[in-house]
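The file input-v6.txt contains compact mmCIF, C-alpha atoms and all ligand atoms:
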# COMPACT_ATOMS: atom_id res chain seq x y z
CA MET A 279 201.18 194.58 0.85
CA LEU A 280 201.81 198.27 0.17
CA ASN A 281 204.95 197.35 -1.75
CA LYS A 282 202.91 195.02 -3.87
CA LEU A 283 200.29 197.66 -4.57
CA MET A 284 203.05 200.00 -5.74
CA GLY A 285 204.24 197.34 -8.13
CA LYS A 286 207.41 196.43 -6.22
CA GLU A 287 208.38 192.86 -5.50
CA LYS A 288 209.21 191.95 -1.95
CA PRO A 289 211.10 189.01 -0.48
CA ALA A 290 208.96 185.94 0.30
CA GLU A 291 209.75 186.02 4.03
CA GLU A 292 207.88 189.30 4.36
CA ASP A 293 204.64 187.49 3.59
CA GLU A 294 204.97 185.72 6.91
CA LEU A 295 205.43 189.02 8.70
CA ASN A 296 202.20 190.19 7.12
CA GLU A 297 200.11 188.06 9.48
CA ILE A 298 196.84 189.68 10.52
CA GLU A 299 196.66 190.19 14.30
CA PRO A 300 193.34 190.10 16.16
CA GLU A 301 194.17 193.43 17.85
CA GLU A 302 194.27 195.22 14.51
CA GLU A 303 191.61 197.68 13.43
CA ASN A 304 188.96 196.81 10.90
CA ILE A 305 189.09 193.03 10.97
CA PRO A 306 186.09 191.86 8.92
CA LYS A 307 183.73 190.32 11.46
CA HIS A 308 181.88 188.19 8.92
CA ILE A 309 183.69 186.79 5.88
CA ALA A 310 181.68 184.95 3.21
CA VAL A 311 183.43 182.83 0.60
CA ILE A 312 182.38 181.43 -2.78
CA MET A 313 184.83 178.52 -3.04
CA ASP A 314 185.08 178.25 -6.81
CA GLY A 315 187.64 176.45 -8.99
CA ASN A 316 187.86 172.95 -7.50
CA GLY A 317 186.96 171.26 -10.80
CA ARG A 318 189.39 173.45 -12.72
CA TRP A 319 192.14 172.67 -10.20
CA ALA A 320 191.65 168.95 -10.84
CA LYS A 321 191.41 169.31 -14.62
CA LYS A 322 194.76 171.16 -14.71
CA ARG A 323 196.31 168.06 -13.12
CA GLY A 324 194.46 165.52 -15.23
CA LEU A 325 192.47 164.39 -12.18
CA PRO A 326 188.71 163.80 -11.85
CA ARG A 327 186.66 166.77 -10.59
CA VAL A 328 186.05 165.03 -7.27
CA ALA A 329 189.79 165.17 -6.54
CA GLY A 330 189.43 168.96 -6.63
CA HIS A 331 186.54 168.86 -4.16
CA ARG A 332 188.63 166.70 -1.82
CA GLU A 333 191.52 169.16 -2.03
CA GLY A 334 189.00 171.96 -1.45
CA MET A 335 188.36 170.55 2.00
CA ASN A 336 192.02 171.04 2.92
CA ALA A 337 191.65 174.67 1.88
CA ILE A 338 188.63 174.93 4.21
CA ARG A 339 190.69 173.60 7.12
CA ARG A 340 193.36 176.24 6.36
CA MET A 341 190.75 179.01 6.06
CA VAL A 342 189.06 178.06 9.34
CA ARG A 343 192.39 178.18 11.20
CA LEU A 344 193.29 181.56 9.69
CA ALA A 345 189.88 183.12 10.30
CA ASP A 346 189.78 181.82 13.87
CA ARG A 347 193.30 183.06 14.65
CA THR A 348 192.44 186.47 13.17
CA GLY A 349 189.36 186.98 15.33
CA VAL A 350 186.74 186.65 12.59
CA GLU A 351 183.33 186.11 14.24
CA VAL A 352 181.48 184.43 11.37
CA LEU A 353 182.91 182.49 8.42
CA THR A 354 180.32 181.53 5.80
CA LEU A 355 181.36 179.04 3.11
CA TYR A 356 179.21 178.38 0.02
CA ALA A 357 179.44 174.58 -0.20
CA PHE A 358 176.48 173.70 -2.43
CA SER A 359 174.02 175.90 -4.31
CA THR A 360 170.49 174.96 -5.34
CA GLU A 361 171.81 175.15 -8.94
CA ASN A 362 174.47 172.49 -8.24
CA TRP A 363 171.83 169.73 -8.59
CA LYS A 364 172.28 170.15 -12.37
CA ARG A 365 175.75 168.56 -12.16
CA PRO A 366 176.32 164.90 -13.11
CA LYS A 367 174.64 162.48 -10.70
CA THR A 368 177.91 160.85 -9.62
CA GLU A 369 179.43 164.22 -8.74
CA VAL A 370 176.35 165.26 -6.75
CA GLU A 371 176.46 161.96 -4.85
CA PHE A 372 180.12 162.51 -4.05
CA LEU A 373 179.43 166.08 -2.89
CA MET A 374 176.60 164.94 -0.61
CA ARG A 375 179.09 162.68 1.21
CA LEU A 376 181.48 165.55 1.90
CA PRO A 377 179.79 167.12 4.93
CA GLU A 378 180.04 163.75 6.70
CA ARG A 379 183.64 163.26 5.58
CA PHE A 380 184.65 166.78 6.49
CA LEU A 381 183.06 166.60 9.93
CA ASN A 382 184.46 163.16 10.74
CA ALA A 383 187.92 164.56 10.16
CA GLU A 384 187.50 168.09 11.54
CA LEU A 385 184.89 168.08 14.28
CA PRO A 386 187.38 167.34 17.11
CA GLU A 387 189.54 170.32 16.13
CA LEU A 388 186.47 172.55 15.69
CA ILE A 389 185.27 171.62 19.18
CA GLU A 390 188.77 172.21 20.57
CA LYS A 391 188.69 175.68 18.94
CA ASN A 392 185.26 176.43 20.48
CA VAL A 393 183.83 176.84 16.94
CA ARG A 394 180.06 176.68 16.42
CA VAL A 395 179.00 174.89 13.24
CA ARG A 396 175.74 175.86 11.56
CA VAL A 397 174.12 175.50 8.17
CA THR A 398 172.19 177.95 6.02
CA GLY A 399 170.05 176.33 3.32
CA GLU A 400 167.26 173.93 2.61
CA ILE A 401 168.59 170.85 4.34
CA GLU A 402 165.26 168.95 4.47
CA THR A 403 165.65 167.84 0.84
CA LEU A 404 169.22 166.50 1.26
CA PRO A 405 170.03 162.78 1.64
CA GLU A 406 169.43 161.41 5.12
CA TYR A 407 173.15 160.82 5.83
CA THR A 408 174.00 164.41 4.85
CA GLN A 409 171.33 165.80 7.15
CA ARG A 410 172.43 163.54 9.97
CA ALA A 411 176.06 164.70 9.72
CA VAL A 412 175.28 168.42 9.72
CA LYS A 413 172.67 168.14 12.47
CA LYS A 414 175.09 166.21 14.67
CA ALA A 415 177.81 168.83 14.15
CA ALA A 416 175.40 171.69 14.85
CA GLU A 417 174.15 169.98 18.02
CA GLU A 418 177.58 169.04 19.33
CA THR A 419 178.84 172.58 18.90
CA SER A 420 175.66 174.48 19.83
CA GLY A 421 177.12 175.48 23.21
CA ASN A 422 180.36 176.77 21.73
CA THR A 423 180.95 180.49 21.99
CA GLY A 424 183.80 181.08 19.52
CA MET A 425 183.75 181.60 15.77
CA ILE A 426 180.61 180.57 13.87
CA LEU A 427 181.42 178.32 10.90
CA ASN A 428 178.38 178.65 8.67
CA PHE A 429 178.04 176.32 5.69
CA ALA A 430 175.68 177.47 2.93
CA LEU A 431 174.37 174.10 1.81
CA ASN A 432 171.61 173.69 -0.78
CA TYR A 433 171.26 177.45 -0.56
CA GLY A 434 169.77 179.90 -3.06
CA SER A 435 169.22 183.54 -2.21
CA ARG A 436 166.18 184.39 -4.33
CA SER A 437 164.23 181.43 -3.01
CA GLU A 438 165.25 182.38 0.54
CA ILE A 439 163.81 185.88 -0.02
CA ILE A 440 160.59 184.47 -1.54
CA GLU A 441 160.13 182.20 1.49
CA SER A 442 160.56 185.16 3.84
CA VAL A 443 158.01 187.19 1.88
CA LYS A 444 155.52 184.31 2.09
CA THR A 445 156.01 183.98 5.85
CA ILE A 446 155.57 187.71 6.33
CA TYR A 447 152.45 187.69 4.13
CA LYS A 448 150.90 184.99 6.32
CA LYS A 449 151.75 186.93 9.46
CA VAL A 450 150.10 190.04 8.05
CA GLU A 451 147.06 188.01 7.02
CA SER A 452 146.71 186.56 10.52
CA GLY A 453 147.20 189.94 12.15
CA GLU A 454 150.47 188.96 13.88
CA VAL A 455 152.34 191.64 11.90
CA ALA A 456 150.95 194.99 10.72
CA PHE A 457 151.46 195.95 7.07
CA THR A 458 153.19 199.13 8.24
CA GLU A 459 155.72 197.07 10.22
CA ILE A 460 157.24 195.59 7.06
CA ASP A 461 160.72 197.06 6.74
CA GLU A 462 164.33 195.96 6.10
CA GLY A 463 164.78 194.81 9.69
CA LEU A 464 161.67 192.63 9.56
CA LEU A 465 162.66 190.99 6.28
CA SER A 466 166.20 190.36 7.59
CA LYS A 467 164.72 188.60 10.61
CA HIS A 468 162.85 186.20 8.32
CA LEU A 469 165.88 185.14 6.30
CA MET A 470 167.73 181.90 7.10
CA THR A 471 170.60 184.09 8.34
CA ALA A 472 168.43 185.93 10.88
CA GLU A 473 170.87 185.24 13.74
CA LEU A 474 173.95 186.28 11.80
CA ARG A 475 175.30 189.75 11.11
CA ASP A 476 175.64 190.66 7.43
CA PRO A 477 178.98 189.76 5.78
CA ASP A 478 181.58 192.54 5.73
CA LEU A 479 183.76 190.89 3.10
CA LEU A 480 182.92 188.56 0.22
CA ILE A 481 185.73 186.50 -1.28
CA ARG A 482 185.23 184.65 -4.58
CA THR A 483 188.02 182.52 -6.02
CA SER A 484 188.72 181.28 -9.54
CA GLY A 485 188.20 184.48 -11.50
CA GLU A 486 184.42 184.69 -11.85
CA ILE A 487 183.07 188.16 -11.03
CA ARG A 488 179.48 187.42 -10.08
CA LEU A 489 177.29 186.56 -7.08
CA SER A 490 175.58 183.43 -8.46
CA ASN A 491 172.49 183.82 -6.26
CA PHE A 492 174.57 183.98 -3.04
CA MET A 493 173.30 186.10 -0.13
CA LEU A 494 171.95 188.87 -2.38
CA TRP A 495 170.22 190.69 0.48
CA GLN A 496 172.94 190.13 3.08
CA LEU A 497 175.78 191.33 0.82
CA ALA A 498 174.18 194.74 0.13
CA TYR A 499 176.97 196.64 1.94
CA ALA A 500 179.85 194.13 1.80
CA GLU A 501 183.25 194.72 0.23
CA PHE A 502 183.93 192.30 -2.63
CA TRP A 503 187.34 190.74 -3.26
CA PHE A 504 187.90 188.52 -6.27
CA THR A 505 190.96 186.45 -7.10
CA ASP A 506 192.04 184.19 -9.96
CA VAL A 507 193.47 181.71 -7.41
CA LEU A 508 191.58 178.40 -7.51
CA TRP A 509 189.96 177.44 -4.19
CA PRO A 510 192.22 174.42 -3.44
CA ASP A 511 195.25 176.75 -3.82
CA PHE A 512 193.82 179.49 -1.56
CA ASP A 513 196.33 180.00 1.23
CA GLU A 514 197.48 182.31 4.01
CA LYS A 515 199.00 184.81 1.59
CA ASP A 516 195.66 185.13 -0.25
CA PHE A 517 193.74 185.43 3.02
CA ASN A 518 196.07 188.17 4.26
CA GLU A 519 195.77 190.04 0.96
CA ALA A 520 191.96 189.94 1.06
CA VAL A 521 191.91 191.24 4.64
CA ARG A 522 194.52 193.94 3.89
CA VAL A 523 192.50 195.19 0.91
CA TYR A 524 189.38 195.22 3.10
CA GLN A 525 191.20 197.21 5.80
CA GLN A 526 192.48 199.76 3.30
CA ARG A 527 189.04 200.29 1.78
CA GLN A 528 187.56 200.78 5.26
CA ARG A 529 190.28 203.28 6.11
CA ARG A 530 189.59 205.34 2.97
CA TYR A 531 185.89 205.21 3.66
CA GLY A 532 186.42 206.46 7.20
CA GLY A 533 188.78 209.17 6.03
CA VAL A 534 186.32 211.14 3.90
C1 LIG A 601 182.08 170.53 -0.10
C2 LIG A 601 184.56 170.75 -0.51
C3 LIG A 601 185.15 172.14 -0.43
C4 LIG A 601 185.17 172.90 -1.73
C5 LIG A 601 183.83 173.37 -2.17
C6 LIG A 601 182.85 172.38 -2.79
C7 LIG A 601 183.00 170.95 -2.38
C8 LIG A 601 182.76 170.97 3.32
C9 LIG A 601 181.42 170.71 3.37
C10 LIG A 601 180.55 170.75 4.54
C11 LIG A 601 179.22 171.12 4.45
C12 LIG A 601 178.41 171.19 5.58
C13 LIG A 601 178.95 170.88 6.80
C14 LIG A 601 180.26 170.54 6.93
C15 LIG A 601 181.07 170.46 5.81
C16 LIG A 601 181.04 170.51 2.04
C17 LIG A 601 179.74 170.09 0.20
C18 LIG A 601 180.83 170.24 -0.63
C19 LIG A 601 178.41 169.78 -0.38
F1 LIG A 601 178.18 170.98 7.91
N1 LIG A 601 183.19 170.92 2.07
N2 LIG A 601 182.16 170.65 1.26
N3 LIG A 601 179.83 170.22 1.53
N4 LIG A 601 183.18 170.73 -0.94

For the file at hand, write its structure as structure tokens.
Amino acid sequence: MLNKLMGKEKPAEEDELNEIEPEEENIPKHIAVIMDGNGRWAKKRGLPRVAGHREGMNAIRRMVRLADRTGVEVLTLYAFSTENWKRPKTEVEFLMRLPERFLNAELPELIEKNVRVRVTGEIETLPEYTQRAVKKAAEETSGNTGMILNFALNYGSRSEIIESVKTIYKKVESGEVAFTEIDEGLLSKHLMTAELRDPDLLIRTSGEIRLSNFMLWQLAYAEFWFTDVLWPDFDEKDFNEAVRVYQQRQRRYGGV
């Protein structure tokens, strides 16, 4: 990693020695990922966009194993934004089948790994079969005490904040909350992520340098790491690089 930063090439085998160990200092406790570039990955190969989404699920499996092995406490993956409804109907229909498909294939391993699955987003407006799949996974893993795998599904940050403000308004109106009690902590407790710590590290793939309405409040103090790598190609080397960069930034921060 240091060699790379200094512009020197290093032999490929060293990448394997670069594994992040759970005992290390400054492991990001909550990693949030914007998994961008699935469509572009498919286009490059002359495949339909949905082939990229399918391959993106393999990258999720890889990411979950890496994060779990590293001692990450929460892994949040942005699977579907409220803006994604604007995509072609056939693509949206395909995407809505993916939670079920993913969980059918992965739930046994997630249970074996003691992973707790949860969802952040407006799931009430999703197709019945999508809701059923995510609810089943959340229920079957609700007693697990290991890593939290949090899927942001039909999620939009501004609307999440508006909903919190409305709830707080009603509580003030009814006298349950005093106007003077409104502070950052209270608003945080009304967000859909109330039970989760804020992300320490945001990863976005595929070269776009923006937040796209993702966890605007929660990412206030996170480190951001962007890469041109397309999500289906995201691998251990990329994961290690993101964590190493995070660790170095934390070290500098602590040093001043
Ligand atoms: C989706 C595959 C991965 C690349 C990114 C976009 C497409 C996993 C899920 C999922 C969601 C909830 C859940 C379990 C799995 C998923 C959608 C799209 C809509 F509880 N991948 N994935 N959901 N993609």

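Remark: for ligand LIG 601 (chain A), the closest of the candidate residues A:Phe512, A:Phe380, A:Phe457, A:Tyr524 is A:Phe380 (distances computed over all atoms listed in the file).
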
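Here CA of Thr360 (chain A) stands at a distance of 25.3 Å from CA of Leu325 (chain A).
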
Problem - Contacts of ligand LIG 601 (chain A), 7 Å or closer, only C-alpha atoms and all ligand atoms, given as a ChimeraX atom specification - result: /A:313-314,316,331-332,334-335,338,357-358,373-374,376-378,380-381,395-397,411-412,415,429,431

Exercise for the section: Go through A:Lys414, A:Gly424, A:Val342, A:Ile481 one by one, measure the shortest atom-to-atom distance of each to Asn382 (chain A) using only C-alpha atoms, and give the residue with the smallest value. Expected result: A:Lys414

Handout entry: Contacts of Thr354 (chain A) at 10 Å (all atoms listed in the file; same-chain gap of 6+ positions) as number ranges by chain
Key = A: 308-312, 396-398, 426-430, 474, 477, 480

Practice task
Tell me which protein, DNA and RNA residues are within 7 Å of region 502-506 of chain A, counting only C-alpha atoms, leaving out same-chain ones fewer than 3 positions away, and put them as a ChimeraX atom specification.
Solution key: /A:479-485,487,520

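For the choices A:Ile305, A:Val328, A:Leu355, A:Ala345, the atom-to-atom distance to Phe517 (chain A) is smallest for A:Ala345 when using only C-alpha atoms.
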
So which residues fall inside 12 Å of (189.8, 172.1, 14.5) if we count all atoms listed in the file? Mind giving them as an mmCIF file with C-alpha atoms, in the coordinates of the input?
data_model
loop_
_atom_site.group_PDB
_atom_site.id
_atom_site.type_symbol
_atom_site.label_atom_id
_atom_site.label_comp_id
_atom_site.auth_asym_id
_atom_site.auth_seq_id
_atom_site.Cartn_x
_atom_site.Cartn_y
_atom_site.Cartn_z
ATOM 1 C CA ASN A 336 192.020 171.040 2.920
ATOM 2 C CA ILE A 338 188.630 174.930 4.210
ATOM 3 C CA ARG A 339 190.690 173.600 7.120
ATOM 4 C CA ARG A 340 193.360 176.240 6.360
ATOM 5 C CA MET A 341 190.750 179.010 6.060
ATOM 6 C CA VAL A 342 189.060 178.060 9.340
ATOM 7 C CA ARG A 343 192.390 178.180 11.200
ATOM 8 C CA LEU A 344 193.290 181.560 9.690
ATOM 9 C CA ALA A 345 189.880 183.120 10.300
ATOM 10 C CA ASP A 346 189.780 181.820 13.870
ATOM 11 C CA ARG A 347 193.300 183.060 14.650
ATOM 12 C CA PHE A 380 184.650 166.780 6.490
ATOM 13 C CA LEU A 381 183.060 166.600 9.930
ATOM 14 C CA ASN A 382 184.460 163.160 10.740
ATOM 15 C CA ALA A 383 187.920 164.560 10.160
ATOM 16 C CA GLU A 384 187.500 168.090 11.540
ATOM 17 C CA LEU A 385 184.890 168.080 14.280
ATOM 18 C CA PRO A 386 187.380 167.340 17.110
ATOM 19 C CA GLU A 387 189.540 170.320 16.130
ATOM 20 C CA LEU A 388 186.470 172.550 15.690
ATOM 21 C CA ILE A 389 185.270 171.620 19.180
ATOM 22 C CA GLU A 390 188.770 172.210 20.570
ATOM 23 C CA LYS A 391 188.690 175.680 18.940
ATOM 24 C CA ASN A 392 185.260 176.430 20.480
ATOM 25 C CA VAL A 393 183.830 176.840 16.940
ATOM 26 C CA ARG A 394 180.060 176.680 16.420
ATOM 27 C CA VAL A 395 179.000 174.890 13.240
ATOM 28 C CA THR A 419 178.840 172.580 18.900
ATOM 29 C CA GLY A 424 183.800 181.080 19.520
ATOM 30 C CA MET A 425 183.750 181.600 15.770
ATOM 31 C CA LEU A 427 181.420 178.320 10.900
#

Practice task
Would you list the contacts of Arg375 (chain A) as a PyMOL selection string, taking every protein, DNA or RNA residue within 10 Å and counting all atoms listed in the file, but skipping same-chain residues closer than 6 positions in sequence?
Solution key: chain A and resi 405+407-408+411

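Using all atoms listed in the file, the smallest distance between any of A:Glu402, A:Arg475, A:Gly421, A:Asn518 and Leu497 (chain A) comes from A:Arg475.
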
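In this model, the gap between CA of Ala456 (chain A) and CA of Val443 (chain A) comes to 13.7 Å.
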
Practice task
Record the distance separating CA of Leu494 (chain A) and CA of Leu465 (chain A), expressed in Å with one decimal.
Solution key: 12.9 Å

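The shortest atom-to-atom distance to Val350 (chain A), with all atoms listed in the file taken into account, belongs to A:Asn304 out of A:Asn304, A:Thr368, A:Ser452, A:Asn432.
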